[in-house]
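J.: See input.tsv below, with TSV, C-alpha atoms.
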```
chain	number	residue	atom	x	y	z
A	48	MET	CA	15.54	0.39	-12.83
A	49	PHE	CA	19.09	-0.66	-13.37
A	50	PHE	CA	18.15	-2.57	-16.55
A	51	ASP	CA	17.03	0.74	-18.12
A	52	THR	CA	20.55	2.17	-17.90
A	53	ASP	CA	23.99	1.64	-19.35
A	54	CYS	CA	27.12	0.98	-17.29
A	55	GLY	CA	27.41	4.73	-16.61
A	56	GLY	CA	23.90	4.89	-15.13
A	57	VAL	CA	22.42	6.80	-18.11
A	58	VAL	CA	18.96	5.73	-19.28
A	59	HIS	CA	18.93	3.93	-22.65
A	60	ASN	CA	17.06	5.82	-25.36
A	61	ILE	CA	14.75	2.86	-26.01
A	62	ALA	CA	13.59	2.88	-22.36
A	63	TYR	CA	11.81	6.20	-22.95
A	64	LEU	CA	9.55	4.52	-25.50
A	65	ARG	CA	8.52	1.97	-22.87
A	66	PHE	CA	7.67	4.82	-20.48
A	67	ILE	CA	5.60	6.40	-23.26
A	68	GLU	CA	3.85	3.07	-23.91
A	69	THR	CA	2.66	3.11	-20.29
A	70	ALA	CA	1.42	6.69	-20.58
A	71	ARG	CA	-0.31	5.89	-23.88
A	72	THR	CA	-2.08	2.93	-22.29
A	73	LEU	CA	-3.41	5.20	-19.53
A	74	LEU	CA	-4.47	7.78	-22.10
A	75	ALA	CA	-6.28	5.05	-24.07
A	76	GLU	CA	-8.25	4.21	-20.91
A	77	GLN	CA	-9.50	7.81	-20.80
A	78	LEU	CA	-10.67	7.36	-24.40
A	79	GLY	CA	-12.69	4.27	-23.46
A	80	LEU	CA	-10.03	1.85	-24.65
A	81	GLY	CA	-9.12	0.03	-21.48
A	82	LEU	CA	-7.13	-3.17	-21.94
A	83	VAL	CA	-10.04	-5.47	-21.07
A	84	GLN	CA	-12.45	-3.49	-23.24
A	85	MET	CA	-10.06	-3.62	-26.20
A	86	ALA	CA	-9.72	-7.38	-25.86
A	87	GLU	CA	-13.50	-7.82	-25.69
A	88	ASP	CA	-14.27	-5.44	-28.60
A	89	LYS	CA	-11.18	-6.48	-30.59
A	90	LYS	CA	-10.53	-2.80	-31.36
A	91	TYR	CA	-6.99	-1.62	-30.82
A	92	PRO	CA	-5.03	1.60	-31.28
A	93	VAL	CA	-2.03	0.73	-33.43
A	94	VAL	CA	1.05	2.95	-33.63
A	95	VAL	CA	1.88	3.80	-37.24
A	96	ARG	CA	4.54	6.46	-36.64
A	97	THR	CA	6.75	7.59	-33.75
A	98	GLU	CA	8.90	10.72	-33.59
A	99	ILE	CA	11.03	11.33	-30.53
A	100	ASP	CA	13.43	14.13	-29.71
A	101	TYR	CA	15.89	13.50	-26.90
A	102	ARG	CA	16.52	16.77	-25.06
A	103	GLY	CA	18.49	15.64	-22.02
A	104	ALA	CA	19.69	12.55	-20.22
A	105	ALA	CA	18.01	10.84	-17.30
A	106	LYS	CA	20.18	8.85	-14.94
A	107	LEU	CA	19.77	6.01	-12.49
A	108	GLY	CA	17.85	7.33	-9.49
A	109	ASP	CA	15.95	10.06	-11.36
A	110	ARG	CA	12.21	10.30	-10.91
A	111	LEU	CA	10.46	11.11	-14.16
A	112	VAL	CA	6.96	12.26	-15.06
A	113	ILE	CA	5.45	11.52	-18.44
A	114	GLU	CA	2.81	13.98	-19.63
A	115	GLY	CA	0.58	12.76	-22.44
A	116	TRP	CA	-2.37	14.15	-24.35
A	117	LEU	CA	-4.48	13.57	-27.43
A	118	ASP	CA	-2.93	16.05	-29.84
A	119	GLN	CA	-4.65	15.69	-33.21
A	120	LEU	CA	-7.75	13.96	-34.54
A	121	GLU	CA	-8.51	13.00	-38.11
A	122	ARG	CA	-11.17	10.67	-39.51
A	123	VAL	CA	-9.20	7.48	-39.03
A	124	ARG	CA	-5.92	8.59	-37.46
A	125	PHE	CA	-4.99	10.39	-34.29
A	126	SER	CA	-1.84	11.67	-32.68
A	127	CYS	CA	-0.74	11.63	-29.07
A	128	ALA	CA	2.02	13.86	-27.75
A	129	PHE	CA	4.24	13.18	-24.76
A	130	ARG	CA	6.81	15.03	-22.67
A	131	ILE	CA	9.16	13.34	-20.25
A	132	VAL	CA	10.35	15.67	-17.52
A	133	ARG	CA	12.46	15.36	-14.40
A	134	PRO	CA	10.52	17.33	-11.76
A	135	ASP	CA	13.52	17.75	-9.42
A	136	ASP	CA	14.97	20.38	-11.76
A	137	ASP	CA	12.16	20.73	-14.36
A	138	ALA	CA	14.50	19.34	-17.01
A	139	LEU	CA	12.89	18.32	-20.29
A	140	ILE	CA	14.25	14.87	-21.08
A	141	ALA	CA	12.33	13.94	-24.24
A	142	GLU	CA	9.39	14.92	-26.42
A	143	CYS	CA	7.49	12.39	-28.49
A	144	ARG	CA	4.61	12.35	-30.94
A	145	GLN	CA	2.92	9.18	-32.11
A	146	MET	CA	0.36	8.71	-34.86
A	147	LEU	CA	-2.08	5.87	-34.39
A	148	ALA	CA	-5.02	4.26	-36.13
A	149	LEU	CA	-7.92	2.34	-34.60
A	150	ILE	CA	-8.00	-1.19	-35.99
A	151	GLU	CA	-10.58	-3.97	-35.57
A	152	MET	CA	-9.04	-7.43	-35.40
A	153	PRO	CA	-8.65	-10.06	-36.68
A	154	ALA	CA	-9.64	-8.51	-40.04
A	155	ALA	CA	-7.29	-5.52	-39.52
A	156	LYS	CA	-10.19	-3.25	-40.50
A	157	LEU	CA	-9.44	0.47	-40.24
A	158	LEU	CA	-12.13	2.19	-38.13
A	159	ARG	CA	-13.40	5.75	-37.97
A	160	LEU	CA	-12.57	7.45	-34.70
A	161	PRO	CA	-15.39	8.00	-32.20
A	162	GLU	CA	-16.84	11.51	-32.46
A	163	ASP	CA	-16.81	12.00	-28.68
A	164	TRP	CA	-13.00	11.87	-28.60
A	165	GLU	CA	-12.89	15.59	-29.40
A	166	LYS	CA	-13.72	16.33	-25.75
A	167	TYR	CA	-10.46	14.66	-24.72
A	168	ARG	CA	-8.20	16.76	-26.94
A	169	GLU	CA	-5.34	18.31	-25.02
A	170	SER	CA	-6.55	16.82	-21.73
A	171	THR	CA	-3.20	15.99	-20.13
A	172	ILE	CA	-2.47	12.88	-18.12
A	173	ASN	CA	0.58	12.77	-15.88
A	174	THR	CA	2.21	9.43	-15.31
A	175	PRO	CA	4.90	9.17	-12.64
A	176	SER	CA	7.56	6.77	-13.84
A	177	HIS	CA	9.65	4.96	-11.30
A	178	ALA	CA	11.34	2.90	-13.98
A	179	VAL	CA	14.65	4.66	-13.46
A	180	ALA	CA	14.40	5.02	-9.71
A	181	ASP	CA	16.87	3.26	-7.48
A	182	SER	CA	15.43	0.88	-4.94
A	183	ASP	CA	16.26	2.88	-1.79
A	184	ARG	CA	14.30	6.00	-2.81
A	185	PRO	CA	10.66	6.28	-1.77
```
How would this structure read if it were set down as structure tokens?
T.:
Amino acid sequence: MFFDTDCGGVVHNIAYLRFIETARTLLAEQLGLGLVQMAEDKKYPVVVRTEIDYRGAAKLGDRLVIEGWLDQLERVRFSCAFRIVRPDDDALIAECRQMLALIEMPAAKLLRLPEDWEKYRESTINTPSHAVADSDRP
């Protein structure tokens, strides 16, 4: 979208984190943490660290795909990794890794991760992002 870009039509660096947020939400659904379920159980994945490397620039009109996967599991923390690519030329736009913890609210209690999450490790989700697409492209 136009609001994701500067006056030169280049995507703002902060917009990539919003794209990753969408991919992480879809990945959480695969882990049994759908939005409605989280609200009912009051258990939420909370980002505690984000690392992002910008590799190339996306521009207004580009179609992007965000690939995300569960990268690392510990007792109470886990990491998700993401790649943002432009499929038209296979350009790598950004790579990101986020560390999260599972928290029960309102007490902010740190929870152990479910044992069955191991089966989801490195299972990639692909999220098409139209956030930087111009309105006259399909």
J.: Between A:Leu160, A:Thr52, A:Tyr167, A:Val83, single out the one closest to Lys106 in chain A, counting all atoms listed in the file.
T.: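 Using all atoms listed in the file, Lys106 in chain A sits closest to A:Thr52.
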J.: Name the residues in contact with Asp136 in chain A at a cut-off of 12 Å, using only C-alpha atoms, excluding same-chain residues fewer than 5 positions from it; report them as a PyMOL selection string.
T.: chain A and resi 103+105+109-112
J.: Pick from A:Asp51, A:Glu165, A:Glu121, A:Glu114: nearest to Ile140 in chain A, with all atoms listed in the file counted?
T.: A:Glu114
J.: For range 60-73 of chain A, what centre and edge lengths in Å (one decimal) does the axis-aligned box get once 5 Å is added on each side of all its listed atoms, as AutoDock Vina command-line options?
T.:
```
--center_x 6.8 --center_y 4.3 --center_z -22.8 --size_x 30.5 --size_y 14.7 --size_z 16.5
```
J.: Using all atoms listed in the file, which of the listed residues (A:Met146, A:Arg124, A:Ile99, A:Phe49) sits closest to Ile61 in chain A?
T.: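 Smallest distance to Ile61 in chain A is found for A:Ile99.
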J.: Rounded to one decimal in Å, what is the spacing between CA of Lys156 in chain A and CA of Lys90 in chain A?
T.: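 Those two atoms sit 9.2 Å apart.
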J.: Quick one: pull the distance between CA of Val58 in chain A and CA of Val95 in chain A, Å, one decimal.
T.: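 These two atoms are separated by 24.9 Å.
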J.: Could you tell me which of A:Gln84, A:Tyr101, A:Lys89, A:Cys127 comes closest to Arg71 in chain A if we count all atoms listed in the file?
T.: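 That would be A:Cys127, the residue with the smallest distance to Arg71 in chain A.
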J.: Would you mind telling me which residue in A:Ile131, A:Asp88, A:Gly115, A:Val123 lies nearest to Ala62 in chain A when using all atoms listed in the file?
T.: A:Ile131
J.: From the list A:Arg122, A:Arg133, A:Arg144, A:His59, which residue is nearest Glu98 in chain A when using all atoms listed in the file?
T.: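 Smallest separation from Glu98 in chain A among the options: A:Arg144.
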